[in-house]
Amino acid sequence: MKNKFWKLLAVMMIASLLLAACGGGGADTGGGEKVTSSGFVCPEPEVQMEVASTELNLFVWTEYIPTEWKECFEMVYGVTINHDEYSSNEEMYAKLSAGGATYDLVQPTDYIVALMIRQGLLQKLDHAKLPMASFNPSYLDLTFDPGNEYTIPYQAGADALIYNADAVPNPPASYADLWNPEYAGRMVFLDDSRVIIGMTLLTLGYDVNTKDPAQLEEAKNKLAELIPGVKLFDSDSPKTALIAGDVDLGITWTGEAFTANQENPAFTFVYPTEGTILWQDNWAMPTGAPHSDAAYAWISYTMQGNMFWMMLRDFPYINPSQAALDYAKDNQTDLYDAYINSTITNMPADAIAAGHYIEDVGDATPLYDQIWTEIKGGQ
Amino acid sequence: MLKRLRENKSSQGTLLISPTLVFMVGLLIIPLILTLIISFGKRSADGNVIYTFGLHNYIRILGISSDCPGGQAICFDPLYANILWRSLTLAFNSTVLVIALAYPLAYFIARAHPMKRNTFLFMVLVPLWTNFVIRVYAWMMLLRTQGVINSLLGWLAGLVGLHFTPLEMLYTPGAVLVGMVYEFLPFMILPIFTSLEKIDNSLYEAAADLGANPIRTFFRVTLPLSMPGVVAGTILVFIPVMGTFIVSDLLGGKQVILIGNLIQRQFLDARDPTFGSAASLILMAMTLIVTFFYTRKFGFGEEIVAA
């Protein structure tokens with residue numbers, strides 16, 4: 001949410017400048033072309049869908065949707081988009097399960113998908129209305145949703161280590177290295193219970209999805225030593241504090257690390273020796289979504305190659321859309337090369353093979369939640 | 001019907017307060033009762049409420065634990081007591097600082113020429129036109145390690161040839177305190193100003209005629225007569241500081257956990273609304289107790305309303 005304000009302000013200022021300069025963008029120009037306020041010419045939908053709804057309610061991660069998509073979709077389909085944001089899966093789950101909210105699409109991460117399906121919060125998807133052929137098959141049919149009955153991939157990535165090579169002469173190679181007293185007070189962590197408890201479990205040699213209370217107790221005690229050295233928990237924009245120099249290292253997502261690295265090559269992303277934590281975000285449709293027709297049209301339109309390539313530009317995580325990569329290869333060569341040549345986005349096969357996926361832990365969930373509350377409150 | 005209403009004072013009163021009454025019952029009393037009911041419940045593994053009756057959430061927050069490191073049957077876990085204490089201390093410190101900053105300013109405005117007075121009051125209120133979160137963000141830009149304040153200090157140190165190590169300000173408890181003081185300052189300035197403005201000028205003249213010097217006049221006349229404003233301001237500042245979570249989230253880097261953060265976490269990240277409800281009620285009880293003793297001693301600042 002927060003950073004959005006500045007972004008919005010900047011966008012509005014730029015937009016008003018553009019408007020002043022060219023006397024009206026962001027509208028239909030003579031030839032029926034639809035142009036966004038940033039000057040992007042909206043492509044036509046490859047599959048024109050029947051949309052009777054006039055609204056679409058999205059509930060998405062903070063900073064995770066290119067602004068052009070919204071403008072283009074609104075112009076192409078005449079649908080108004082309402083857009084709410086969250087910065088943790090738990091938060092999204094709590095709001096959805098409390099009822100009352102009427103969202104058409106959400107972006108759950110792998111482990112929470114299984115829980116949401118079990119709770120009846122998601123509805124089955126109609127593959128005929130989805131661009132199933134555009135995906136790289138390695139991101140389909142994963143354990144949390146076999147056969148992709150309820151979800152389709154959006155982005156994937158890793159929660160690995162990042163450090164500023166100019167400020168950290170003795171960089172970490174493993175999650176366990178974070179306990180080095182040199183790093184105390186200089187770290188940013190994701191504000192994510194499963195990731196932070198999970199990586200602590202890995203340093204102890206346990207399974208990242210353990211349900212054993214004794215192992216979790218051990219992890220809690222070990223983590224309690226580390227937490228006072230964490231300067232900042234941030235799941236909105238962890239790169240900001242790194243780039244601003246408030247912190248020098250930490251645990252962050254692929255895309256944030258890639259952006260920081262593009263800004264300053266001193267930011268180095270490390271796949272820890274314990275094996276990195278992997279994840280995949282997905283589109284899913286809540287039960288009772290009031291505008292499912294618009295939701296299908298949204299997915300179909302934004303996931304076509306000539307739209308989804310923008311993720312490489314704005315939110316460079318691992319892109320599961322082969323169509324988008326193919327399009328970028330031919331039309332956005334710089335972006336494509338940066339993506340393919342970076343080990344952050346184009347993850348080495350051995351890092352993927354050694355990685356760990358967070359899974360739903362069922363009855364042990366309260367234990368994780370309680371450990372997180374106690375750990376963070378106990379300073 | 002209308003005729004009867006015109007004649008009957010008490011049904012007039014009922015009619016007048018009924019919108020507020022509906023509002024209060026619907027949006028305050030009923031949710032409060034729900035919170036109470038939920039606070040006795042249990043969470044399911046998936047984070048839903050199971051309606052039972054138990055005091056386990058209250059036992060947990062009070063720190064009575066049966067899982068003791070020494071193996072005793074029962075022991076005290078100070079985790080949540082510490083969070084409550086931290087919030088209380090912060091609220092107290094913020095309030096004292098706010099009074100210290102607001103009083104001189106309110107005094108200055110109250111004594112200013114009436115023409116200028118409105119301009120000054122206007123200037124106090126202008127920041128409130130901007131969204132609360134944006135103002136907190138502005139503080140983040142000021143306090144960053146390479147932010148405005150550090151850059152300025154570094155530049156000044158460079159001028160006199162000193163070596164400068166940037167101050168660590170953002171994501172500390174001090175930053176949270178600064179944010180709270182900034183955020184709630186207007187709520188102290190306005191009531192103090194109102195009570196200062198009400199003081200009759202002839203009282204100052206009388207004090208001077210009777211030979212009191214300005215300092216004595218301040219302590220014997222101005223301060224006692226402006227106390228209702230300070231009291232009202234204290235209530236307006238202390239209570240919200242106790243419950244606010246956004247300032248400590250943004251300026252404290254989510255690692256300065258106050259009772260407000262604890263409660264917010266329970267409803268979102270920790271998915272335990274039952275514990276969150278119990279913590280909310282404990283916060284309310286604590287605030288009520290503090291306010292009760294405070295107002296017993298100083299009143300509600302009702303003299304302002306009466307004046």
# chains A, B, ... in the order shown; residues from 1 in each chain; ligands from 1
call {"tool": "residues_around", "arguments": {"residues": "range 249-254 of chain B", "least_positions_apart": "3", "cutoff": "7 Å", "atoms": "only C-alpha atoms", "output": "VMD selection string"}}
result
(chain A and resid 231 to 233) or (chain B and resid 140 170 to 173 175 to 176 245 to 246 257)
call {"tool": "select_by_dssp", "arguments": {"residues": "range 260-302 of chain B", "states": "helix (DSSP H, G or I)", "output": "number ranges by chain"}}
result
B: 260-267, 273-298, 302
call {"tool": "residues_around", "arguments": {"residues": "range 362-370 of chain A", "least_positions_apart": "3", "cutoff": "9 Å", "atoms": "only C-alpha atoms", "output": "PyMOL selection string"}}
result
(chain A and resi 115+193-194+197+210-213+216+373-375) or (chain B and resi 43-47+266+269-272)
call {"tool": "write_last_selection", "arguments": {"atoms": "N, CA and C atoms", "output": "PDB file, in the first residue's frame"}}
result
ATOM      1  N   LEU A 115      -4.758 -24.789   1.652  1.00  0.00           N
ATOM      2  CA  LEU A 115      -5.635 -24.438   2.769  1.00  0.00           C
ATOM      3  C   LEU A 115      -6.938 -23.812   2.273  1.00  0.00           C
ATOM      4  N   SER A 193       6.008 -15.267   8.369  1.00  0.00           N
ATOM      5  CA  SER A 193       6.287 -16.259   9.412  1.00  0.00           C
ATOM      6  C   SER A 193       6.830 -17.562   8.837  1.00  0.00           C
ATOM      7  N   ARG A 194       6.196 -18.067   7.775  1.00  0.00           N
ATOM      8  CA  ARG A 194       6.603 -19.372   7.277  1.00  0.00           C
ATOM      9  C   ARG A 194       8.018 -19.334   6.688  1.00  0.00           C
ATOM     10  N   ILE A 197      10.620 -18.674   9.876  1.00  0.00           N
ATOM     11  CA  ILE A 197      10.704 -19.881  10.710  1.00  0.00           C
ATOM     12  C   ILE A 197      11.254 -21.032   9.860  1.00  0.00           C
ATOM     13  N   THR A 210       8.062 -28.871   8.879  1.00  0.00           N
ATOM     14  CA  THR A 210       7.923 -29.806   9.995  1.00  0.00           C
ATOM     15  C   THR A 210       6.676 -29.509  10.823  1.00  0.00           C
ATOM     16  N   LYS A 211       6.106 -30.579  11.407  1.00  0.00           N
ATOM     17  CA  LYS A 211       4.970 -30.404  12.315  1.00  0.00           C
ATOM     18  C   LYS A 211       5.365 -30.817  13.727  1.00  0.00           C
ATOM     19  N   ASP A 212       6.635 -31.155  13.916  1.00  0.00           N
ATOM     20  CA  ASP A 212       7.106 -31.658  15.200  1.00  0.00           C
ATOM     21  C   ASP A 212       7.293 -30.504  16.196  1.00  0.00           C
ATOM     22  N   PRO A 213       6.512 -30.470  17.273  1.00  0.00           N
ATOM     23  CA  PRO A 213       6.590 -29.350  18.217  1.00  0.00           C
ATOM     24  C   PRO A 213       7.988 -29.161  18.812  1.00  0.00           C
ATOM     25  N   LEU A 216      10.113 -27.365  16.337  1.00  0.00           N
ATOM     26  CA  LEU A 216       9.672 -25.976  16.224  1.00  0.00           C
ATOM     27  C   LEU A 216      10.113 -25.164  17.442  1.00  0.00           C
ATOM     28  N   THR A 373       4.254 -14.738  16.716  1.00  0.00           N
ATOM     29  CA  THR A 373       3.797 -13.693  17.636  1.00  0.00           C
ATOM     30  C   THR A 373       4.774 -13.537  18.801  1.00  0.00           C
ATOM     31  N   GLU A 374       5.178 -14.665  19.365  1.00  0.00           N
ATOM     32  CA  GLU A 374       6.036 -14.600  20.547  1.00  0.00           C
ATOM     33  C   GLU A 374       7.425 -14.089  20.199  1.00  0.00           C
ATOM     34  N   ILE A 375       7.949 -14.565  19.068  1.00  0.00           N
ATOM     35  CA  ILE A 375       9.283 -14.161  18.652  1.00  0.00           C
ATOM     36  C   ILE A 375       9.340 -12.654  18.425  1.00  0.00           C
TER      37      ILE A 375
ATOM     38  N   ARG B  43      -9.384 -20.841  18.484  1.00  0.00           N
ATOM     39  CA  ARG B  43      -9.184 -20.845  17.042  1.00  0.00           C
ATOM     40  C   ARG B  43      -9.068 -22.275  16.555  1.00  0.00           C
ATOM     41  N   SER B  44      -9.562 -22.503  15.331  1.00  0.00           N
ATOM     42  CA  SER B  44      -9.345 -23.813  14.730  1.00  0.00           C
ATOM     43  C   SER B  44      -7.981 -23.789  14.060  1.00  0.00           C
ATOM     44  N   ALA B  45      -7.539 -24.950  13.607  1.00  0.00           N
ATOM     45  CA  ALA B  45      -6.218 -25.017  12.976  1.00  0.00           C
ATOM     46  C   ALA B  45      -6.135 -24.070  11.790  1.00  0.00           C
ATOM     47  N   ASP B  46      -7.260 -23.906  11.080  1.00  0.00           N
ATOM     48  CA  ASP B  46      -7.235 -23.059   9.895  1.00  0.00           C
ATOM     49  C   ASP B  46      -7.509 -21.597  10.204  1.00  0.00           C
ATOM     50  N   GLY B  47      -7.689 -21.281  11.471  1.00  0.00           N
ATOM     51  CA  GLY B  47      -7.830 -19.880  11.837  1.00  0.00           C
ATOM     52  C   GLY B  47      -9.261 -19.393  11.916  1.00  0.00           C
ATOM     53  N   GLN B 266      -3.027 -10.406  15.224  1.00  0.00           N
ATOM     54  CA  GLN B 266      -3.876 -11.560  15.526  1.00  0.00           C
ATOM     55  C   GLN B 266      -4.992 -11.698  14.501  1.00  0.00           C
ATOM     56  N   ASP B 269      -2.126 -11.615  10.267  1.00  0.00           N
ATOM     57  CA  ASP B 269      -1.065 -12.600  10.072  1.00  0.00           C
ATOM     58  C   ASP B 269      -1.194 -13.835  10.951  1.00  0.00           C
ATOM     59  N   ALA B 270      -1.542 -13.636  12.230  1.00  0.00           N
ATOM     60  CA  ALA B 270      -1.521 -14.783  13.140  1.00  0.00           C
ATOM     61  C   ALA B 270      -2.837 -15.557  13.111  1.00  0.00           C
ATOM     62  N   ARG B 271      -3.847 -15.011  12.447  1.00  0.00           N
ATOM     63  CA  ARG B 271      -5.125 -15.695  12.264  1.00  0.00           C
ATOM     64  C   ARG B 271      -5.716 -16.225  13.563  1.00  0.00           C
ATOM     65  N   ASP B 272      -5.624 -15.468  14.646  1.00  0.00           N
ATOM     66  CA  ASP B 272      -6.236 -15.897  15.890  1.00  0.00           C
ATOM     67  C   ASP B 272      -7.133 -14.785  16.432  1.00  0.00           C
TER      68      ASP B 272
END
call {"tool": "closest_atom_pairs", "arguments": {"of": "chain A", "to": "chain B", "cutoff": "10 Å", "atoms": "only C-alpha atoms", "output": "JSON lines"}}
result
{"residue": "A:Met1", "atom": "CA", "partner": "B:Val133", "partner_atom": "CA", "distance": 9.7}
{"residue": "A:Lys2", "atom": "CA", "partner": "B:Val133", "partner_atom": "CA", "distance": 7.3}
{"residue": "A:Asn3", "atom": "CA", "partner": "B:Tyr137", "partner_atom": "CA", "distance": 8.5}
{"residue": "A:Phe5", "atom": "CA", "partner": "B:Ile134", "partner_atom": "CA", "distance": 7.2}
{"residue": "A:Trp6", "atom": "CA", "partner": "B:Ile134", "partner_atom": "CA", "distance": 8.3}
{"residue": "A:Ser87", "atom": "CA", "partner": "B:Asp269", "partner_atom": "CA", "distance": 9.6}
{"residue": "A:Ser88", "atom": "CA", "partner": "B:Asp269", "partner_atom": "CA", "distance": 7.1}
{"residue": "A:Asn89", "atom": "CA", "partner": "B:Asp269", "partner_atom": "CA", "distance": 7.8}
{"residue": "A:Glu90", "atom": "CA", "partner": "B:Asp269", "partner_atom": "CA", "distance": 4.7}
{"residue": "A:Glu91", "atom": "CA", "partner": "B:Leu268", "partner_atom": "CA", "distance": 4.3}
{"residue": "A:Met92", "atom": "CA", "partner": "B:Leu268", "partner_atom": "CA", "distance": 7.7}
{"residue": "A:Tyr93", "atom": "CA", "partner": "B:Leu268", "partner_atom": "CA", "distance": 8.0}
{"residue": "A:Ala94", "atom": "CA", "partner": "B:Leu268", "partner_atom": "CA", "distance": 5.5}
{"residue": "A:Lys95", "atom": "CA", "partner": "B:Leu268", "partner_atom": "CA", "distance": 7.4}
{"residue": "A:Ser97", "atom": "CA", "partner": "B:Asn48", "partner_atom": "CA", "distance": 7.8}
{"residue": "A:Ala98", "atom": "CA", "partner": "B:Asn48", "partner_atom": "CA", "distance": 8.3}
{"residue": "A:Leu115", "atom": "CA", "partner": "B:Asp46", "partner_atom": "CA", "distance": 7.4}
{"residue": "A:Met116", "atom": "CA", "partner": "B:Asp46", "partner_atom": "CA", "distance": 9.2}
{"residue": "A:Arg118", "atom": "CA", "partner": "B:Asp46", "partner_atom": "CA", "distance": 9.4}
{"residue": "A:Gln119", "atom": "CA", "partner": "B:Asp46", "partner_atom": "CA", "distance": 8.1}
{"residue": "A:Gly185", "atom": "CA", "partner": "B:Glu168", "partner_atom": "CA", "distance": 9.9}
{"residue": "A:Val188", "atom": "CA", "partner": "B:Gly253", "partner_atom": "CA", "distance": 9.0}
{"residue": "A:Asp191", "atom": "CA", "partner": "B:Lys254", "partner_atom": "CA", "distance": 8.0}
{"residue": "A:Asp192", "atom": "CA", "partner": "B:Asp269", "partner_atom": "CA", "distance": 8.5}
{"residue": "A:Ser193", "atom": "CA", "partner": "B:Asp269", "partner_atom": "CA", "distance": 8.2}
{"residue": "A:Ile227", "atom": "CA", "partner": "B:Gln255", "partner_atom": "CA", "distance": 8.5}
{"residue": "A:Pro228", "atom": "CA", "partner": "B:Gln255", "partner_atom": "CA", "distance": 8.3}
{"residue": "A:Val230", "atom": "CA", "partner": "B:Gln255", "partner_atom": "CA", "distance": 7.8}
{"residue": "A:Lys231", "atom": "CA", "partner": "B:Tyr171", "partner_atom": "CA", "distance": 6.5}
{"residue": "A:Leu232", "atom": "CA", "partner": "B:Gly253", "partner_atom": "CA", "distance": 4.3}
{"residue": "A:Phe233", "atom": "CA", "partner": "B:Lys254", "partner_atom": "CA", "distance": 5.5}
{"residue": "A:Asp234", "atom": "CA", "partner": "B:Gly253", "partner_atom": "CA", "distance": 7.1}
{"residue": "A:Ala241", "atom": "CA", "partner": "B:Arg144", "partner_atom": "CA", "distance": 8.5}
{"residue": "A:Ile243", "atom": "CA", "partner": "B:Gln146", "partner_atom": "CA", "distance": 9.8}
{"residue": "A:Ala244", "atom": "CA", "partner": "B:Gln146", "partner_atom": "CA", "distance": 6.3}
{"residue": "A:Gly245", "atom": "CA", "partner": "B:Thr145", "partner_atom": "CA", "distance": 6.3}
{"residue": "A:Asp246", "atom": "CA", "partner": "B:Thr145", "partner_atom": "CA", "distance": 5.2}
{"residue": "A:Val247", "atom": "CA", "partner": "B:Thr145", "partner_atom": "CA", "distance": 8.7}
{"residue": "A:Val361", "atom": "CA", "partner": "B:Ala45", "partner_atom": "CA", "distance": 9.4}
{"residue": "A:Gly362", "atom": "CA", "partner": "B:Ala45", "partner_atom": "CA", "distance": 6.5}
{"residue": "A:Asp363", "atom": "CA", "partner": "B:Ala45", "partner_atom": "CA", "distance": 5.0}
{"residue": "A:Ala364", "atom": "CA", "partner": "B:Ala45", "partner_atom": "CA", "distance": 7.1}
{"residue": "A:Thr365", "atom": "CA", "partner": "B:Ala45", "partner_atom": "CA", "distance": 6.0}
{"residue": "A:Pro366", "atom": "CA", "partner": "B:Ala45", "partner_atom": "CA", "distance": 5.9}
{"residue": "A:Leu367", "atom": "CA", "partner": "B:Ala45", "partner_atom": "CA", "distance": 9.1}
{"residue": "A:Tyr368", "atom": "CA", "partner": "B:Ala270", "partner_atom": "CA", "distance": 8.5}
{"residue": "A:Asp369", "atom": "CA", "partner": "B:Ala270", "partner_atom": "CA", "distance": 4.9}
{"residue": "A:Gln370", "atom": "CA", "partner": "B:Ala270", "partner_atom": "CA", "distance": 7.0}
{"residue": "A:Ile371", "atom": "CA", "partner": "B:Ala270", "partner_atom": "CA", "distance": 9.5}
{"residue": "A:Trp372", "atom": "CA", "partner": "B:Ala270", "partner_atom": "CA", "distance": 7.7}
{"residue": "A:Thr373", "atom": "CA", "partner": "B:Ala270", "partner_atom": "CA", "distance": 7.0}
{"residue": "A:Glu374", "atom": "CA", "partner": "B:Leu79", "partner_atom": "CA", "distance": 7.2}
{"residue": "A:Ile375", "atom": "CA", "partner": "B:Leu79", "partner_atom": "CA", "distance": 9.4}
{"residue": "A:Lys376", "atom": "CA", "partner": "B:Gln255", "partner_atom": "CA", "distance": 6.5}
{"residue": "A:Gly377", "atom": "CA", "partner": "B:Ile257", "partner_atom": "CA", "distance": 5.5}
{"residue": "A:Gly378", "atom": "CA", "partner": "B:Leu79", "partner_atom": "CA", "distance": 5.7}
{"residue": "A:Gln379", "atom": "CA", "partner": "B:Val256", "partner_atom": "CA", "distance": 8.0}
call {"tool": "residues_around", "arguments": {"residues": "Ile65 in chain A", "least_positions_apart": "5", "cutoff": "9 Å", "atoms": "only C-alpha atoms", "output": "list in words"}}
result
Val60, Lys70, Met311, Asp314 and Phe315 of chain A
call {"tool": "write_last_selection", "arguments": {"atoms": "C-alpha atoms", "output": "CSV table (one decimal), in the first residue's frame"}}
result
chain,number,residue,atom,x,y,z
A,60,VAL,CA,-3.5,-8.6,-5.1
A,70,LYS,CA,-5.5,-1.8,-15.6
A,311,MET,CA,6.3,-8.2,-15.7
A,314,ASP,CA,8.1,-4.0,-13.5
A,315,PHE,CA,8.3,-7.1,-11.3
call {"tool": "residues_around", "arguments": {"residues": "Met49 in chain A", "least_positions_apart": "4", "cutoff": "9 Å", "atoms": "only C-alpha atoms", "output": "MDAnalysis selection string"}}
result
chainID A and resid 45 77 129 293:294 296:297 300
call {"tool": "write_last_selection", "arguments": {"atoms": "N, CA and C atoms", "output": "PDB file, in the first residue's frame"}}
result
ATOM      1  N   PRO A  45      -7.328  -7.752 -27.600  1.00  0.00           N
ATOM      2  CA  PRO A  45      -7.367  -9.078 -26.980  1.00  0.00           C
ATOM      3  C   PRO A  45      -7.252 -10.153 -28.048  1.00  0.00           C
ATOM      4  N   TYR A  77     -12.375  -3.368 -22.304  1.00  0.00           N
ATOM      5  CA  TYR A  77     -13.613  -4.057 -21.925  1.00  0.00           C
ATOM      6  C   TYR A  77     -14.637  -3.139 -21.259  1.00  0.00           C
ATOM      7  N   LYS A 129     -11.468 -21.135 -20.822  1.00  0.00           N
ATOM      8  CA  LYS A 129     -11.419 -19.675 -20.883  1.00  0.00           C
ATOM      9  C   LYS A 129     -10.052 -19.131 -20.488  1.00  0.00           C
ATOM     10  N   ASP A 293     -16.996 -13.394 -15.253  1.00  0.00           N
ATOM     11  CA  ASP A 293     -16.766 -13.165 -16.685  1.00  0.00           C
ATOM     12  C   ASP A 293     -15.631 -12.159 -16.899  1.00  0.00           C
ATOM     13  N   ALA A 294     -15.651 -11.076 -16.108  1.00  0.00           N
ATOM     14  CA  ALA A 294     -14.584 -10.079 -16.226  1.00  0.00           C
ATOM     15  C   ALA A 294     -13.254 -10.654 -15.759  1.00  0.00           C
ATOM     16  N   TYR A 296     -12.192 -13.821 -15.989  1.00  0.00           N
ATOM     17  CA  TYR A 296     -11.605 -14.637 -17.065  1.00  0.00           C
ATOM     18  C   TYR A 296     -11.039 -13.739 -18.175  1.00  0.00           C
ATOM     19  N   ALA A 297     -11.782 -12.677 -18.489  1.00  0.00           N
ATOM     20  CA  ALA A 297     -11.309 -11.776 -19.539  1.00  0.00           C
ATOM     21  C   ALA A 297     -10.004 -11.110 -19.109  1.00  0.00           C
ATOM     22  N   SER A 300      -7.144 -13.720 -19.329  1.00  0.00           N
ATOM     23  CA  SER A 300      -6.855 -14.035 -20.713  1.00  0.00           C
ATOM     24  C   SER A 300      -6.135 -12.869 -21.404  1.00  0.00           C
TER      25      SER A 300
END
call {"tool": "atom_distance", "arguments": {"atom1": "CA of Glu44 in chain A", "atom2": "CA of Pro290 in chain A"}}
result
25.0 Å
